[in-house]
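Visitor: Sending over a structure as structure tokens; questions will come in a sec.
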Amino acid sequence: MTAQKHSGQNVPPHAHYAVHLPAPDDFAFWRERARGLIQCDVPPDRVAWIEPGATGDLFGSEGPARGGDKRLPVPPADAPPVRASQRFLDVARSAALHSDPARFGLLYHVLWRLQRQPRLMEDKADVQVRRLEELAKSVRRDAHKMHAFVRFREVAEEDGTPHFVAWFEPDHHIVRAEASFFMRRFANMRWSILTPRGSIHWDGETMHEGPPARRSDAPSGDPVEDLWRSYYAAIFNPARLKVGAMLSEMPKKYWKNLPEAELIPQLIAGAQAREARMVASGSLDMGERPASLGAVDKAIHACRNCPIGELDNRAVMGEGPLGALLMIVGEQPGDQEDQAGRPFVGPAGQLLDDYLTRAGIDRSSAYVTNAVKHFKFTWKGKRRLHQSPGAKEIDTCRWWLEAERAVVQPRLVLALGASAARGLLGKTVSITKARGQPIQLEDGTELWVTAHPSYLLRLDGEARETQAALFAADLAAVQERLAELAD
Amino acid sequence: MAQQTLLQKLEILADAAKYDASCASSGTAKKNSLGGKGIGSTEGMGICHAYAPDGRCISLLKILLTNHCIFDCHYCINRKSSNVARARFTPQEVVDLTLNFYRRNYIEGLFLSSGIVKSANHTMEQLVEVARILREEHDFRGYIHLKTIPEADAEIIHEAGLYADRVSINVELPTDAGLTRLAPDKNAGQIEGAMGRTKARIIEAKDERKRFRHAPRFAPAGQSTQMIVGADDANDTAIIGKASRLYGDFGLRRVYYSAFSPIPDASAVLPLKRPPLMREHRLYQSDWLMRFYGFAPQEVADAAGTDGNLPLDIDPKLAWALKFRESFPVDVNRAPREMLLRVPGLGTKAVARILTVRRHRNLRLDDVARLTASVAKVRPFICTVDWRPTYLTDRADLRGLLAPKVEQLELF
């Protein structure tokens, strides 16, 4: 070995050396010193690499003064050049930024071996090569996470220009190395990245380095974060919860500096319930159909098969005699019905009573109920505003309506409005087209369709008169038919 | 109805966009904002800026311009007959949101799609307008992915490609019959026609760039598409066949699979249960086998069971190996790259490592263990200097030994 020939001249046998690095990420400095030491053929076990802030070197006897490496041997003028493969250089540049204090020693050891085994880096199964690759990989990953998870917050400087400041906690000494990424990306923006390992500042033209910072040096919020959080919550699909996949890419250690991460626990908790509701509102195993009105009454109070059941309301059961000839079906209980717990007691109910009386129909002999059993509403201040039930909600509630109809067994059903008609037919029909003549239900029961009395309440003037006349005529026709059926 | 705030619109229109699987921001031309007036860079590798609890990465601001739609596709939450809250952004609002998010390093760029309002052309023009403002008025150099509407004129789609890094057209369903049944307003011929034209434009633009340095780029990140899995009865074999045809015919960068998820207010034509998420995962694995592991579509189909579906409990590569045991064991010290790639548990990187190492010495089982994630999975299918799986490959219960153990019960 040529190197060994020279070593005798400069290097005392068994001498130990300590190299103090000026900065933990100073690869160029390490490279320079390592080159000299290799040329003097100093074996790896006789060099200690010491980072700033680390306590003394491992070899007390030869320990040089801090910051001094004057005692390093001087390579002879004719020493052969040190060689390393491109792959080693690539890996070493990254690995040197790792926070493992043993990294420079490992790098030196591999460089030392490379002089004798030039293709050592290709031996991926070698323990040291493997370790070096791992270090480099974890530095690259840390850099990648920095690109991803730095979150700027905007502050206005005194001159009015926006300044974007971020707080980030990297695992390794990557801050200076990654400054150029942010410079290329935000070239025309004024920004600073503060970290416990140092900070970098870009003013649009030049880059400055600053001392390590604390979290409190960074701004505490930004109004745009509200938009970002709501985006984060909305883009998440509760039907596909995969918490493990999230955690492997966004480990919890990063959460504290990500504005959106505070939502994660509640999103996860809400997800299963949300999906269950989504599926439940589609296909339901309702079990056995209740065989008495009492059982229906009990079941609808416990029903949460559609979102209306989750609102602040109570189920309203139909009322009337068993075996009633006529069954009157409305849309859903309103505010007053919900409070009273009885169908058709509000303004629409009073109007209905008037028209029934005029048509000669006795309400007390009819069974009166609704297509949907719960009151659907939205809050407007302190008032509960009626909302029409959706087709799916009506279809879900059909189960209870059919149960009532099976128990009461009316000969004629009068549906008030389109929702009631859907509740009985399972499809939407036009009132204008369907009114005035009977429709046969599957079991032979006659269905008559007319408008809902609340529709009349919303009309004025001529339109109201026209509609009122039609409504009265429908009721009269029903009364006529009831008389025939009663015979 | 009261005026919606930006926050409300964002909630509605991001919610409506979440059924699009793609969020990639990779593979486009390198660019940065040095020497420009605006912001943005793309450096080849995509960056995922956050992950949602569904495990999917958030790389782009993925929103719809509007979720009003004149189409009535059954699987889509935004279909005309669906009872969802509707909202509409102006192009300027989308531009401002994108820039505000980008400046704070929340995103890599924008993925913009839209329900169809007025007409396909009108909608497409609006999408292009957003991209134009970003690129021309703000010199935005981040990533833009535009969903293109196959029914729109070729000229407008062409313009989209000039501003966007990636364009995509969804084929939606694996079979034409499924499309006709579930998306009555869409037409398979039209979709493939548009994909074909986009492919031609991409090739043309690449060719021009070779000859003229300043020729405009056209969708440098190529085109992709998405297929919904589990909404119709197409089996995995049919889906794999369709995907490989799409890759071949249209030079797609990616085919995304989206397991049909039960959507609020779903149409009655649809199944109510979602397909197992694992099915989507297995399809992606089979996609990888075709793209990186040299499997032919037919070979992947061979790994499927008698019902034409891939097994859910083991990955398709293992399924293939168990079915074609005569190809194993593979000698890691001699076998060609193609055969090493077929060994369950050896990925492309592990194979590359094995190939470099074996130039220097013969591999022992310990060496393989250091080069791979799990030697236990690989062991039955390889031989090394000191290892032969003499009886493992012939065991009838090999599948049981290798398949993952039964699921652990959830905490009560």
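By convention here, the chains of the structure tokens are called A, B, ... in the order presented, each chain's residues are numbered starting at 1, and ligands are numbered starting at 1 in the order presented.
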With only C-alpha atoms as the counted atoms, please give the residues lying no more than 10 Å from His281 (chain B), apart from itself and same-chain residues fewer than 6 positions off, as a PyMOL selection string.
Guide: chain B and resi 257-259+287+312+315
Visitor: With N, CA and C atoms kept, could you save the residues just selected as a PDB file, in the first residue's frame?
Guide:
ATOM      1  N   TYR B 257     -58.051   4.148  -9.445  1.00  0.00           N
ATOM      2  CA  TYR B 257     -59.241   3.391  -9.105  1.00  0.00           C
ATOM      3  C   TYR B 257     -59.875   4.040  -7.894  1.00  0.00           C
ATOM      4  N   SER B 258     -61.159   4.176  -7.926  1.00  0.00           N
ATOM      5  CA  SER B 258     -61.822   4.770  -6.788  1.00  0.00           C
ATOM      6  C   SER B 258     -62.897   3.793  -6.348  1.00  0.00           C
ATOM      7  N   ALA B 259     -62.692   3.190  -5.183  1.00  0.00           N
ATOM      8  CA  ALA B 259     -63.706   2.270  -4.685  1.00  0.00           C
ATOM      9  C   ALA B 259     -64.973   3.078  -4.492  1.00  0.00           C
ATOM     10  N   ASP B 287     -51.940  -3.079 -10.975  1.00  0.00           N
ATOM     11  CA  ASP B 287     -51.510  -2.006 -11.854  1.00  0.00           C
ATOM     12  C   ASP B 287     -49.984  -1.884 -11.809  1.00  0.00           C
ATOM     13  N   LEU B 312     -58.575 -11.177  -1.880  1.00  0.00           N
ATOM     14  CA  LEU B 312     -58.451  -9.997  -1.031  1.00  0.00           C
ATOM     15  C   LEU B 312     -57.446 -10.216   0.092  1.00  0.00           C
ATOM     16  N   ASP B 315     -51.702 -10.589  -1.693  1.00  0.00           N
ATOM     17  CA  ASP B 315     -51.505  -9.688  -2.820  1.00  0.00           C
ATOM     18  C   ASP B 315     -51.433 -10.472  -4.132  1.00  0.00           C
TER      19      ASP B 315
END
Visitor: Tell me, counting only C-alpha atoms, for each residue of chain B within 8 Å of chain A, which pair of atoms is nearest and how far apart they are in Å to one decimal, in rows ordered by chain and increasing number, as a tab-separated table.
Guide:
residue	atom	partner	partner_atom	distance
B:Leu7	CA	A:Leu227	CA	6.1
B:Leu10	CA	A:Tyr231	CA	6.6
B:Glu11	CA	A:Ala234	CA	5.6
B:Ile12	CA	A:Ala234	CA	7.6
B:Ala14	CA	A:Ile235	CA	5.5
B:Asp15	CA	A:Ala234	CA	4.7
B:Ala17	CA	A:Ile235	CA	7.1
B:Lys18	CA	A:Ile235	CA	5.1
B:Tyr19	CA	A:Asn237	CA	7.8
B:Asn32	CA	A:Arg184	CA	5.4
B:Ser33	CA	A:Ala187	CA	5.5
B:Leu34	CA	A:Ala187	CA	5.4
B:Gly35	CA	A:Ala187	CA	7.9
B:Gly36	CA	A:Asn188	CA	7.7
B:Lys37	CA	A:Asn188	CA	6.5
B:Gly38	CA	A:Asn188	CA	6.2
B:Ile39	CA	A:Phe186	CA	5.2
B:Gly40	CA	A:Arg185	CA	4.7
B:Ser41	CA	A:Arg185	CA	4.7
B:Ile47	CA	A:Ala148	CA	6.0
B:Cys48	CA	A:Ala148	CA	6.0
B:His49	CA	A:Ala148	CA	4.4
B:Ala50	CA	A:Met250	CA	7.1
B:Tyr51	CA	A:Met246	CA	5.5
B:Ala52	CA	A:Phe236	CA	5.7
B:Pro53	CA	A:Val243	CA	5.2
B:Asp54	CA	A:Leu241	CA	4.3
B:Gly55	CA	A:Met246	CA	4.3
B:Arg56	CA	A:Met246	CA	7.1
B:Lys62	CA	A:Ile235	CA	7.8
B:Asn83	CA	A:Gly390	CA	7.9
B:Asn100	CA	A:Val224	CA	7.3
B:Phe101	CA	A:Trp228	CA	7.3
B:Arg103	CA	A:Phe152	CA	7.4
B:Arg104	CA	A:Phe152	CA	4.4
B:Asn105	CA	A:Arg151	CA	5.6
B:Tyr106	CA	A:Arg151	CA	6.7
B:Ser261	CA	A:Ala239	CA	6.4
B:Pro262	CA	A:Val279	CA	6.5
B:Ile263	CA	A:Met278	CA	6.8
B:Pro264	CA	A:Met278	CA	5.6
B:Asp265	CA	A:Lys392	CA	7.5
B:Ala266	CA	A:Gly282	CA	7.7
B:Leu272	CA	A:Val279	CA	6.4
B:Lys273	CA	A:Val279	CA	7.0
B:Leu277	CA	A:Arg240	CA	7.4
B:Arg353	CA	A:Lys124	CA	6.3
B:Thr356	CA	A:Glu122	CA	5.9
B:Val357	CA	A:Asp123	CA	5.0
B:His360	CA	A:Asp123	CA	7.2
B:Asp367	CA	A:Ala125	CA	5.5
B:Val368	CA	A:Ala125	CA	7.8
B:Arg370	CA	A:Ala125	CA	6.0
B:Leu371	CA	A:Ala125	CA	6.3
Visitor: Please identify all polymer residues within 12 Å of Gly36 (chain A), counting only C-alpha atoms, omitting same-chain residues fewer than 4 positions from it, and present them as an NGL selection string.
Guide: :A and (3 or 7 or 10-11 or 19 or 29-32 or 40-43 or 47 or 69 or 72-77 or 79-82 or 108 or 111-112)
Visitor: Those same residues, written as a tab-separated table (two decimals), in the first residue's frame with C-alpha atoms?
Guide:
chain	number	residue	atom	x	y	z
A	3	ALA	CA	-0.32	5.29	1.67
A	7	SER	CA	2.62	7.17	7.19
A	10	ASN	CA	4.56	11.95	9.65
A	11	VAL	CA	2.34	9.97	11.91
A	19	VAL	CA	-11.23	16.94	14.80
A	29	PHE	CA	-14.84	20.87	6.39
A	30	TRP	CA	-15.12	17.15	7.12
A	31	ARG	CA	-14.17	16.31	3.57
A	32	GLU	CA	-11.06	18.48	3.73
A	40	CYS	CA	-1.53	10.21	6.25
A	41	ASP	CA	-3.03	6.77	6.57
A	42	VAL	CA	-4.62	7.38	9.95
A	43	PRO	CA	-6.91	4.42	10.66
A	47	VAL	CA	-9.83	9.72	14.79
A	69	ASP	CA	-6.87	20.53	15.04
A	72	LEU	CA	-3.34	16.87	12.68
A	73	PRO	CA	-0.56	15.36	10.62
A	74	VAL	CA	0.43	17.10	7.41
A	75	PRO	CA	0.17	14.81	4.39
A	76	PRO	CA	3.38	14.42	2.42
A	77	ALA	CA	3.57	16.32	-0.85
A	79	ALA	CA	0.78	11.44	-1.16
A	80	PRO	CA	-1.57	9.82	-3.66
A	81	PRO	CA	-4.98	11.46	-4.13
A	82	VAL	CA	-7.91	10.14	-2.10
A	108	TYR	CA	-14.47	8.24	7.58
A	111	LEU	CA	-13.96	6.36	2.99
A	112	TRP	CA	-10.97	4.54	4.48
Visitor: Write out as a PyMOL selection string all residues of region 105-179 of chain B that DSSP puts in helix (DSSP H, G or I) for this structure's backbone.
Guide: chain B and resi 120-137+154-163+176-179
Visitor: Can you list, as a list in words, every protein, DNA or RNA residue that comes within 9 Å of Phe27 (chain A) when you count only C-alpha atoms, leaving out same-chain residues fewer than 5 positions away?
Guide: Glu32, Ala92, Arg93, Ala96 and Leu97 of chain A
Visitor: Write out, as a PDB file, in the first residue's frame, the residues just selected, with all heavy atoms.
Guide:
ATOM      1  N   GLU A  32     -12.418  17.965   3.763  1.00  0.00           N
ATOM      2  CA  GLU A  32     -11.057  18.483   3.734  1.00  0.00           C
ATOM      3  C   GLU A  32     -10.168  17.736   4.739  1.00  0.00           C
ATOM      4  O   GLU A  32      -9.095  17.250   4.414  1.00  0.00           O
ATOM      5  CB  GLU A  32     -11.157  19.978   4.094  1.00  0.00           C
ATOM      6  CG  GLU A  32      -9.882  20.755   3.947  1.00  0.00           C
ATOM      7  CD  GLU A  32      -9.391  20.725   2.510  1.00  0.00           C
ATOM      8  OE1 GLU A  32     -10.240  20.854   1.601  1.00  0.00           O
ATOM      9  OE2 GLU A  32      -8.172  20.546   2.305  1.00  0.00           O
ATOM     10  N   ALA A  92     -22.832  10.458   1.187  1.00  0.00           N
ATOM     11  CA  ALA A  92     -22.145  11.103   2.298  1.00  0.00           C
ATOM     12  C   ALA A  92     -22.681  12.519   2.529  1.00  0.00           C
ATOM     13  O   ALA A  92     -22.843  12.949   3.663  1.00  0.00           O
ATOM     14  CB  ALA A  92     -20.646  11.143   2.024  1.00  0.00           C
ATOM     15  N   ARG A  93     -22.946  13.233   1.446  1.00  0.00           N
ATOM     16  CA  ARG A  93     -23.455  14.601   1.594  1.00  0.00           C
ATOM     17  C   ARG A  93     -24.731  14.607   2.422  1.00  0.00           C
ATOM     18  O   ARG A  93     -24.929  15.484   3.263  1.00  0.00           O
ATOM     19  CB  ARG A  93     -23.748  15.204   0.220  1.00  0.00           C
ATOM     20  CG  ARG A  93     -22.554  15.855  -0.377  1.00  0.00           C
ATOM     21  CD  ARG A  93     -22.931  16.973  -1.348  1.00  0.00           C
ATOM     22  NE  ARG A  93     -21.702  17.489  -1.918  1.00  0.00           N
ATOM     23  CZ  ARG A  93     -21.141  16.976  -3.020  1.00  0.00           C
ATOM     24  NH1 ARG A  93     -21.723  16.002  -3.660  1.00  0.00           N
ATOM     25  NH2 ARG A  93     -19.993  17.445  -3.450  1.00  0.00           N
ATOM     26  N   ALA A  96     -24.108  13.150   6.209  1.00  0.00           N
ATOM     27  CA  ALA A  96     -23.386  14.070   7.084  1.00  0.00           C
ATOM     28  C   ALA A  96     -24.343  14.985   7.847  1.00  0.00           C
ATOM     29  O   ALA A  96     -23.982  15.562   8.866  1.00  0.00           O
ATOM     30  CB  ALA A  96     -22.409  14.905   6.268  1.00  0.00           C
ATOM     31  N   LEU A  97     -25.563  15.145   7.342  1.00  0.00           N
ATOM     32  CA  LEU A  97     -26.526  16.046   7.994  1.00  0.00           C
ATOM     33  C   LEU A  97     -27.322  15.348   9.088  1.00  0.00           C
ATOM     34  O   LEU A  97     -28.125  15.969   9.775  1.00  0.00           O
ATOM     35  CB  LEU A  97     -27.499  16.608   6.944  1.00  0.00           C
ATOM     36  CG  LEU A  97     -26.839  17.326   5.763  1.00  0.00           C
ATOM     37  CD1 LEU A  97     -27.908  17.815   4.793  1.00  0.00           C
ATOM     38  CD2 LEU A  97     -26.002  18.503   6.235  1.00  0.00           C
TER      39      LEU A  97
END
Visitor: Could you give me, as a list of chain:residue names, the residues within 9 Å of Val139 (chain A), counting only C-alpha atoms and dropping anything in the same chain fewer than 6 positions from it?
Guide: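 Selected residues are A:Ser94, A:Ala95, A:Ala96, A:Leu97, A:His98, A:Ser99, A:Asp171, A:His172, A:His173, A:Ile174.
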Visitor: Can you list every residue in region 259-382 of chain A that DSSP puts in strand (DSSP E or B), as a list in words?
Guide: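 Those in region 259-382 of chain A that DSSP calls strand (DSSP E or B) are Glu319, Leu326, Met327, Ile328, Val329, Gly330, Tyr367, Val368, Thr369, Asn370, Phe377, Thr378, Trp379 and Lys380 of chain A.
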Visitor: Output N, CA, C and O atoms for every residue in the selection just made, as an mmCIF file, in the first residue's frame.
Guide:
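So selection21.cif came out as:
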data_model
loop_
_atom_site.group_PDB
_atom_site.id
_atom_site.type_symbol
_atom_site.label_atom_id
_atom_site.label_comp_id
_atom_site.auth_asym_id
_atom_site.auth_seq_id
_atom_site.Cartn_x
_atom_site.Cartn_y
_atom_site.Cartn_z
ATOM 1 N N GLU A 319 -103.797 9.436 14.996
ATOM 2 C CA GLU A 319 -104.863 9.182 15.967
ATOM 3 C C GLU A 319 -106.186 8.930 15.253
ATOM 4 O O GLU A 319 -106.423 9.414 14.153
ATOM 5 N N LEU A 326 -112.010 5.968 6.785
ATOM 6 C CA LEU A 326 -111.165 6.955 6.113
ATOM 7 C C LEU A 326 -109.861 7.161 6.881
ATOM 8 O O LEU A 326 -109.855 7.292 8.107
ATOM 9 N N MET A 327 -108.763 7.203 6.111
ATOM 10 C CA MET A 327 -107.472 7.535 6.706
ATOM 11 C C MET A 327 -106.973 8.790 6.010
ATOM 12 O O MET A 327 -106.909 8.849 4.786
ATOM 13 N N ILE A 328 -106.655 9.811 6.811
ATOM 14 C CA ILE A 328 -106.155 11.060 6.233
ATOM 15 C C ILE A 328 -104.668 11.158 6.536
ATOM 16 O O ILE A 328 -104.244 11.056 7.687
ATOM 17 N N VAL A 329 -103.867 11.361 5.477
ATOM 18 C CA VAL A 329 -102.417 11.398 5.655
ATOM 19 C C VAL A 329 -101.876 12.763 5.254
ATOM 20 O O VAL A 329 -102.116 13.224 4.136
ATOM 21 N N GLY A 330 -101.183 13.415 6.177
ATOM 22 C CA GLY A 330 -100.543 14.698 5.878
ATOM 23 C C GLY A 330 -99.076 14.494 5.575
ATOM 24 O O GLY A 330 -98.608 13.372 5.362
ATOM 25 N N TYR A 367 -109.052 8.214 10.733
ATOM 26 C CA TYR A 367 -107.725 8.044 11.333
ATOM 27 C C TYR A 367 -106.811 9.072 10.660
ATOM 28 O O TYR A 367 -106.640 9.062 9.438
ATOM 29 N N VAL A 368 -106.235 9.986 11.452
ATOM 30 C CA VAL A 368 -105.429 11.077 10.897
ATOM 31 C C VAL A 368 -103.959 10.865 11.268
ATOM 32 O O VAL A 368 -103.630 10.666 12.434
ATOM 33 N N THR A 369 -103.109 10.901 10.252
ATOM 34 C CA THR A 369 -101.679 10.700 10.536
ATOM 35 C C THR A 369 -100.827 11.453 9.521
ATOM 36 O O THR A 369 -101.349 12.212 8.690
ATOM 37 N N ASN A 370 -99.510 11.248 9.573
ATOM 38 C CA ASN A 370 -98.586 11.915 8.656
ATOM 39 C C ASN A 370 -97.687 10.902 7.954
ATOM 40 O O ASN A 370 -97.397 9.836 8.485
ATOM 41 N N PHE A 377 -86.920 20.475 10.511
ATOM 42 C CA PHE A 377 -86.859 21.944 10.585
ATOM 43 C C PHE A 377 -85.411 22.413 10.581
ATOM 44 O O PHE A 377 -84.472 21.629 10.729
ATOM 45 N N THR A 378 -85.245 23.730 10.379
ATOM 46 C CA THR A 378 -83.952 24.351 10.660
ATOM 47 C C THR A 378 -84.211 25.476 11.653
ATOM 48 O O THR A 378 -85.301 26.054 11.680
ATOM 49 N N TRP A 379 -83.217 25.749 12.454
ATOM 50 C CA TRP A 379 -83.369 26.841 13.418
ATOM 51 C C TRP A 379 -83.190 28.157 12.702
ATOM 52 O O TRP A 379 -82.266 28.336 11.925
ATOM 53 N N LYS A 380 -84.104 29.098 12.940
ATOM 54 C CA LYS A 380 -83.870 30.464 12.493
ATOM 55 C C LYS A 380 -84.069 31.311 13.731
ATOM 56 O O LYS A 380 -85.207 31.570 14.146
#
Visitor: How many Å separate CA of Leu341 (chain B) from CA of Arg131 (chain A)?
Guide: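 Value for the CA of Leu341 (chain B)-CA of Arg131 (chain A) distance: 24.9 Å.
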Visitor: Work out how far apart CA of Gly46 (chain B) and CA of Glu125 (chain B) are and give it in Å to one decimal.
Guide: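 One can read the CA of Gly46 (chain B) to CA of Glu125 (chain B) distance as 27.4 Å.
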Visitor: From the list B:Ala87, B:Ala154, B:Ala205, B:Leu60, which residue is nearest Gln3 (chain B) when using only C-alpha atoms?
Guide: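 Closest candidate: B:Ala87.
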Visitor: So, counting only C-alpha atoms, which residue among A:Pro162, A:Asp100, A:Leu401, A:Ile38 is closest to Leu114 (chain A)?
Guide: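 Among the listed residues, the smallest separation from Leu114 (chain A) belongs to A:Ile38.
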Visitor: Can you tell me which residues surround Arg379 (chain B) at a distance of at most 12 Å, considering only C-alpha atoms, apart from same-chain residues fewer than 6 positions away, and format the answer as a VMD selection string?
Guide: chain B and resid 328 to 332 343 to 346 364 to 366 368 to 369 372 to 373 386 to 393 398 401 to 402
Visitor: Pick from B:Ala164, B:Ala200, B:Val84, B:Leu283: nearest to Leu252 (chain B), with only C-alpha atoms counted?
Guide: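 So, comparing all the options, the nearest one is B:Ala200.
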Visitor: Could you check which of B:Ala301, B:Ile169, B:Ala85, B:Leu134 is closest to Glu192 (chain B), using only C-alpha atoms?
Guide: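 Once distances to Glu192 (chain B) are computed over only C-alpha atoms, the minimum belongs to B:Ile169.
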Visitor: Tell me which of A:Glu310, A:Ile193, A:Trp167, A:Gln339 sits closest to Ala179 (chain A), counting only C-alpha atoms.
Guide: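 Smallest distance to Ala179 (chain A) is found for A:Ile193.
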Visitor: Rank B:Ala177, B:Ile107, B:Met227, B:Leu246 by their smallest atom-to-atom distance to Ala21 (chain B), using only C-alpha atoms, and report the top residue only.
Guide: B:Met227
Visitor: Can you tell me which residues surround Ala476 (chain A) at a distance of at most 12 Å, considering only C-alpha atoms, apart from same-chain residues fewer than 4 positions away, and format the answer as a list in words?
Guide: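 Once the adjacent positions are removed, what remains is Tyr355, Leu356, Thr357, Arg358, Ala359, Gly360, Ile361, Leu414, Gly436, Gln437, Trp448, Thr450, Ala469, Leu470, Phe471, Ala472, Glu480, Arg481, Leu482 and Ala483 of chain A.
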